[in-house]
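Visitor: Pasting a structure below so you can have a look.
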Amino acid sequence: MTNEETLRQLTEMKLYTFSASFRDYLESTDHDELTFEERLSFMVDREWSDRNERRLNRRLKSGKLREEASVEDINYQHPRGLDKSVMQRLIACKWVKNAENIIFTGKTGVGKTWLACALANKACRNGATIKYDRIPRLLEELYVAHADGSYPQVMNKLAKIDVLILDDFGLAPLSDTERRDLLEVLEDRQKRKSTIFTSQIDLKHWHEIIGEPTVADAILDRLVTNSHKIKLGGKSLRGKK
């Protein structure tokens, strides 16, 4: 078999990086610097790393995070009550493995969404699937799904996501349909997947924001029972580096 035939087969098997490594080898003049085993290990490692990078990029693109945030850039100096030891435990991503939730509350501009995206980004880098949604937009999507018959498919997709960010809870009162849709989303995810909520409303007022007492009890039971609650204070971070 010729080298060109080998390159063709590697390409057909979609081993693109392996093929590029083999071509680099053929064009190089240092064939004796590495043993066969070392050269093969090098080529396989490049293919493995490249595939992992492509998978990560696909997960990040699909997740549509609102902020390009990373846990390495978290600001612990700003006086907003962010406990570094708590964040370090969350950065380890055990909460994702255990299907635990996170609730960020605080005034606008203190970094709730940014922190949620940073933790989701870290979870994604650890192999998790992620998705960002503003609650008003998600509830509108579910309303349309009821009408066009795609509701089961939409709910099934949401249930499979490892880390779901639901941003801006409590901006407007919930209708009966919206309350029940939100309950169904959380019911599908309870003890299976992780959800991050952000809200300007203090957690103690969520019951009245949700409305109907029975549904409110059910929603909060599924969300709060197994969650890390982080209340942020201080002045707005917007406009600051």
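Here's how to read the names in the structure tokens: chain A, B, ... by the order shown, residue numbers from 1 in each chain, ligand numbers from 1 in the order shown.
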Skip segment 50-66 of chain A itself and residues of its chain fewer than 3 positions away, then list as a PDB file with N, CA and C atoms, in the first residue's frame all residues within 12 Å of it, counting only C-alpha atoms.
Guide:
ATOM      1  N   LYS A  14     -12.145   9.745   8.575  1.00  0.00           N
ATOM      2  CA  LYS A  14     -12.282  11.030   9.287  1.00  0.00           C
ATOM      3  C   LYS A  14     -11.229  11.194  10.385  1.00  0.00           C
ATOM      4  N   LEU A  15     -10.081  10.558  10.187  1.00  0.00           N
ATOM      5  CA  LEU A  15      -8.943  10.750  11.090  1.00  0.00           C
ATOM      6  C   LEU A  15      -8.080  11.876  10.523  1.00  0.00           C
ATOM      7  N   TYR A  16      -8.650  13.063  10.470  1.00  0.00           N
ATOM      8  CA  TYR A  16      -8.029  14.179   9.773  1.00  0.00           C
ATOM      9  C   TYR A  16      -6.709  14.614  10.413  1.00  0.00           C
ATOM     10  N   THR A  17      -6.690  14.704  11.724  1.00  0.00           N
ATOM     11  CA  THR A  17      -5.465  15.135  12.401  1.00  0.00           C
ATOM     12  C   THR A  17      -4.391  14.060  12.316  1.00  0.00           C
ATOM     13  N   PHE A  18      -4.808  12.796  12.425  1.00  0.00           N
ATOM     14  CA  PHE A  18      -3.860  11.695  12.273  1.00  0.00           C
ATOM     15  C   PHE A  18      -3.250  11.730  10.871  1.00  0.00           C
ATOM     16  N   ALA A  20      -2.931  14.367   8.958  1.00  0.00           N
ATOM     17  CA  ALA A  20      -2.023  15.516   8.875  1.00  0.00           C
ATOM     18  C   ALA A  20      -0.699  15.201   9.553  1.00  0.00           C
ATOM     19  N   SER A  21      -0.756  14.493  10.669  1.00  0.00           N
ATOM     20  CA  SER A  21       0.477  14.117  11.376  1.00  0.00           C
ATOM     21  C   SER A  21       1.324  13.163  10.534  1.00  0.00           C
ATOM     22  N   MET A  43       1.051  10.725  17.190  1.00  0.00           N
ATOM     23  CA  MET A  43      -0.017  10.915  16.209  1.00  0.00           C
ATOM     24  C   MET A  43      -1.388  10.672  16.829  1.00  0.00           C
ATOM     25  N   VAL A  44      -1.487   9.606  17.620  1.00  0.00           N
ATOM     26  CA  VAL A  44      -2.762   9.284  18.275  1.00  0.00           C
ATOM     27  C   VAL A  44      -3.149  10.386  19.259  1.00  0.00           C
ATOM     28  N   ASP A  45      -2.166  10.890  19.996  1.00  0.00           N
ATOM     29  CA  ASP A  45      -2.440  11.942  20.979  1.00  0.00           C
ATOM     30  C   ASP A  45      -2.944  13.212  20.298  1.00  0.00           C
ATOM     31  N   ARG A  46      -2.360  13.556  19.154  1.00  0.00           N
ATOM     32  CA  ARG A  46      -2.827  14.731  18.409  1.00  0.00           C
ATOM     33  C   ARG A  46      -4.259  14.549  17.935  1.00  0.00           C
ATOM     34  N   GLU A  47      -4.574  13.361  17.429  1.00  0.00           N
ATOM     35  CA  GLU A  47      -5.942  13.074  16.974  1.00  0.00           C
ATOM     36  C   GLU A  47      -6.920  13.144  18.146  1.00  0.00           C
ATOM     37  N   ALA A  69     -17.516  33.814  29.677  1.00  0.00           N
ATOM     38  CA  ALA A  69     -16.988  33.876  31.041  1.00  0.00           C
ATOM     39  C   ALA A  69     -16.259  32.588  31.384  1.00  0.00           C
ATOM     40  N   SER A  70     -15.230  32.707  32.198  1.00  0.00           N
ATOM     41  CA  SER A  70     -14.496  31.528  32.662  1.00  0.00           C
ATOM     42  C   SER A  70     -14.197  31.685  34.148  1.00  0.00           C
ATOM     43  N   LYS A 112     -24.574  37.948  38.323  1.00  0.00           N
ATOM     44  CA  LYS A 112     -25.270  36.653  38.436  1.00  0.00           C
ATOM     45  C   LYS A 112     -25.142  35.834  37.152  1.00  0.00           C
ATOM     46  N   THR A 113     -25.497  36.466  36.039  1.00  0.00           N
ATOM     47  CA  THR A 113     -25.456  35.764  34.748  1.00  0.00           C
ATOM     48  C   THR A 113     -24.024  35.386  34.389  1.00  0.00           C
ATOM     49  N   TRP A 114     -23.091  36.299  34.630  1.00  0.00           N
ATOM     50  CA  TRP A 114     -21.687  36.041  34.310  1.00  0.00           C
ATOM     51  C   TRP A 114     -21.172  34.826  35.080  1.00  0.00           C
ATOM     52  N   LEU A 115     -21.463  34.766  36.373  1.00  0.00           N
ATOM     53  CA  LEU A 115     -21.010  33.641  37.192  1.00  0.00           C
ATOM     54  C   LEU A 115     -21.675  32.337  36.754  1.00  0.00           C
ATOM     55  N   ALA A 116     -22.961  32.421  36.409  1.00  0.00           N
ATOM     56  CA  ALA A 116     -23.666  31.226  35.925  1.00  0.00           C
ATOM     57  C   ALA A 116     -23.010  30.702  34.651  1.00  0.00           C
ATOM     58  N   CYS A 117     -22.680  31.609  33.742  1.00  0.00           N
ATOM     59  CA  CYS A 117     -22.034  31.208  32.487  1.00  0.00           C
ATOM     60  C   CYS A 117     -20.626  30.672  32.724  1.00  0.00           C
ATOM     61  N   ALA A 118     -19.906  31.251  33.683  1.00  0.00           N
ATOM     62  CA  ALA A 118     -18.559  30.776  33.996  1.00  0.00           C
ATOM     63  C   ALA A 118     -18.591  29.340  34.514  1.00  0.00           C
ATOM     64  N   LEU A 119     -19.542  29.044  35.400  1.00  0.00           N
ATOM     65  CA  LEU A 119     -19.649  27.682  35.933  1.00  0.00           C
ATOM     66  C   LEU A 119     -20.114  26.704  34.857  1.00  0.00           C
ATOM     67  N   ALA A 120     -21.020  27.160  33.990  1.00  0.00           N
ATOM     68  CA  ALA A 120     -21.462  26.295  32.891  1.00  0.00           C
ATOM     69  C   ALA A 120     -20.319  26.031  31.914  1.00  0.00           C
ATOM     70  N   ASN A 121     -19.513  27.049  31.657  1.00  0.00           N
ATOM     71  CA  ASN A 121     -18.342  26.896  30.788  1.00  0.00           C
ATOM     72  C   ASN A 121     -17.388  25.855  31.365  1.00  0.00           C
ATOM     73  N   LYS A 122     -17.157  25.915  32.679  1.00  0.00           N
ATOM     74  CA  LYS A 122     -16.262  24.935  33.325  1.00  0.00           C
ATOM     75  C   LYS A 122     -16.854  23.530  33.234  1.00  0.00           C
ATOM     76  N   ALA A 123     -18.154  23.403  33.448  1.00  0.00           N
ATOM     77  CA  ALA A 123     -18.802  22.103  33.339  1.00  0.00           C
ATOM     78  C   ALA A 123     -18.682  21.564  31.914  1.00  0.00           C
ATOM     79  N   CYS A 124     -18.812  22.460  30.939  1.00  0.00           N
ATOM     80  CA  CYS A 124     -18.687  22.070  29.543  1.00  0.00           C
ATOM     81  C   CYS A 124     -17.280  21.571  29.248  1.00  0.00           C
ATOM     82  N   ARG A 125     -16.284  22.257  29.774  1.00  0.00           N
ATOM     83  CA  ARG A 125     -14.901  21.825  29.589  1.00  0.00           C
ATOM     84  C   ARG A 125     -14.648  20.468  30.247  1.00  0.00           C
ATOM     85  N   ASN A 126     -15.476  20.134  31.235  1.00  0.00           N
ATOM     86  CA  ASN A 126     -15.365  18.830  31.899  1.00  0.00           C
ATOM     87  C   ASN A 126     -16.197  17.755  31.200  1.00  0.00           C
ATOM     88  N   GLY A 127     -16.839  18.127  30.077  1.00  0.00           N
ATOM     89  CA  GLY A 127     -17.564  17.136  29.292  1.00  0.00           C
ATOM     90  C   GLY A 127     -19.073  17.237  29.330  1.00  0.00           C
ATOM     91  N   ALA A 128     -19.631  18.205  30.085  1.00  0.00           N
ATOM     92  CA  ALA A 128     -21.081  18.316  30.208  1.00  0.00           C
ATOM     93  C   ALA A 128     -21.691  19.070  29.029  1.00  0.00           C
ATOM     94  N   THR A 129     -22.937  18.744  28.713  1.00  0.00           N
ATOM     95  CA  THR A 129     -23.697  19.533  27.752  1.00  0.00           C
ATOM     96  C   THR A 129     -24.365  20.682  28.497  1.00  0.00           C
ATOM     97  N   ILE A 130     -24.477  21.844  27.852  1.00  0.00           N
ATOM     98  CA  ILE A 130     -24.983  23.033  28.523  1.00  0.00           C
ATOM     99  C   ILE A 130     -25.972  23.764  27.620  1.00  0.00           C
ATOM    100  N   LYS A 131     -26.789  24.620  28.241  1.00  0.00           N
ATOM    101  CA  LYS A 131     -27.706  25.468  27.480  1.00  0.00           C
ATOM    102  C   LYS A 131     -28.077  26.680  28.318  1.00  0.00           C
ATOM    103  N   TYR A 132     -28.086  27.840  27.676  1.00  0.00           N
ATOM    104  CA  TYR A 132     -28.506  29.083  28.335  1.00  0.00           C
ATOM    105  C   TYR A 132     -29.867  29.500  27.786  1.00  0.00           C
ATOM    106  N   ASP A 133     -30.759  29.894  28.680  1.00  0.00           N
ATOM    107  CA  ASP A 133     -32.059  30.419  28.279  1.00  0.00           C
ATOM    108  C   ASP A 133     -32.505  31.479  29.289  1.00  0.00           C
ATOM    109  N   ARG A 134     -33.067  32.555  28.779  1.00  0.00           N
ATOM    110  CA  ARG A 134     -33.793  33.475  29.659  1.00  0.00           C
ATOM    111  C   ARG A 134     -35.172  32.872  29.871  1.00  0.00           C
ATOM    112  N   LEU A 158     -34.680  19.440  26.569  1.00  0.00           N
ATOM    113  CA  LEU A 158     -34.331  20.135  27.808  1.00  0.00           C
ATOM    114  C   LEU A 158     -33.948  19.149  28.907  1.00  0.00           C
ATOM    115  N   ILE A 161     -30.166  17.899  28.854  1.00  0.00           N
ATOM    116  CA  ILE A 161     -29.049  18.828  29.015  1.00  0.00           C
ATOM    117  C   ILE A 161     -28.483  18.717  30.427  1.00  0.00           C
ATOM    118  N   ASP A 162     -27.172  18.559  30.534  1.00  0.00           N
ATOM    119  CA  ASP A 162     -26.537  18.360  31.843  1.00  0.00           C
ATOM    120  C   ASP A 162     -26.646  19.596  32.734  1.00  0.00           C
ATOM    121  N   VAL A 163     -26.400  20.772  32.153  1.00  0.00           N
ATOM    122  CA  VAL A 163     -26.471  22.027  32.918  1.00  0.00           C
ATOM    123  C   VAL A 163     -27.314  23.029  32.141  1.00  0.00           C
ATOM    124  N   LEU A 164     -28.463  23.379  32.705  1.00  0.00           N
ATOM    125  CA  LEU A 164     -29.382  24.327  32.076  1.00  0.00           C
ATOM    126  C   LEU A 164     -29.412  25.612  32.888  1.00  0.00           C
ATOM    127  N   ILE A 165     -29.037  26.735  32.258  1.00  0.00           N
ATOM    128  CA  ILE A 165     -29.130  28.038  32.909  1.00  0.00           C
ATOM    129  C   ILE A 165     -30.486  28.647  32.588  1.00  0.00           C
ATOM    130  N   LEU A 166     -31.234  29.003  33.626  1.00  0.00           N
ATOM    131  CA  LEU A 166     -32.507  29.707  33.467  1.00  0.00           C
ATOM    132  C   LEU A 166     -32.346  31.088  34.094  1.00  0.00           C
ATOM    133  N   ASP A 167     -32.176  32.075  33.245  1.00  0.00           N
ATOM    134  CA  ASP A 167     -31.797  33.424  33.657  1.00  0.00           C
ATOM    135  C   ASP A 167     -33.030  34.326  33.802  1.00  0.00           C
TER     136      ASP A 167
END
Visitor: What residues in segment 80-173 of chain A get the DSSP label strand (DSSP E or B)? Please answer as number ranges by chain.
Guide: A: 101-105, 130-134, 163-169
Visitor: List every residue of segment 26-143 of chain A that has an atom at most 6 Å from any atom of segment 211-233 of chain A, and for each one report the closest atom pair and its distance in Å to one decimal, counting only C-alpha atoms, with rows sorted by chain and then by increasing residue number, as a tab-separated table.
Guide:
residue	atom	partner	partner_atom	distance
A:Arg80	CA	A:Gly233	CA	4.3
A:Gly81	CA	A:Leu232	CA	5.5
A:Glu100	CA	A:Asn226	CA	5.5
A:Asn101	CA	A:Ser227	CA	4.3
A:Ile102	CA	A:His228	CA	4.7
A:Ile103	CA	A:Lys229	CA	4.8
A:Phe104	CA	A:Ile230	CA	5.0
A:Thr105	CA	A:Lys231	CA	4.9
A:Gly106	CA	A:Leu232	CA	4.8
Visitor: Could you please write out, as an MDAnalysis selection string, every residue of segment 73-146 of chain A that DSSP assigns to alpha helix (DSSP H)?
Guide: chainID A and resid 84:91 94:97 112:125 135:146
Visitor: So, with only C-alpha atoms as the atoms that count, which of A:Glu5, A:Leu171, A:Glu38, A:Glu72 lies closest to Gln88 of chain A?
Guide: A:Glu72
Visitor: Using only C-alpha atoms, which of the listed residues (A:Glu37, A:Arg89, A:Pro173, A:Ser236) sits closest to Trp206 of chain A?
Guide: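 The shortest atom-to-atom distance to Trp206 of chain A comes from A:Pro173.
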Visitor: When you draw a straight line from atom CA of Asp188 of chain A to atom CA of Pro136 of chain A, how long is it in Å?
Guide: 19.2 Å
Visitor: Residues at most 12 Å from Ile135 of chain A, counting only C-alpha atoms, excluding those fewer than 6 positions away in the same chain, as a ChimeraX atom specification?
Guide: /A:141-142,164-174,178-179,181-182,185,196-199
Visitor: If you measure from atom CA of Gly109 of chain A to atom CA of Lys235 of chain A, what distance in Å do you get, rounded to one decimal?
Guide: 7.6 Å
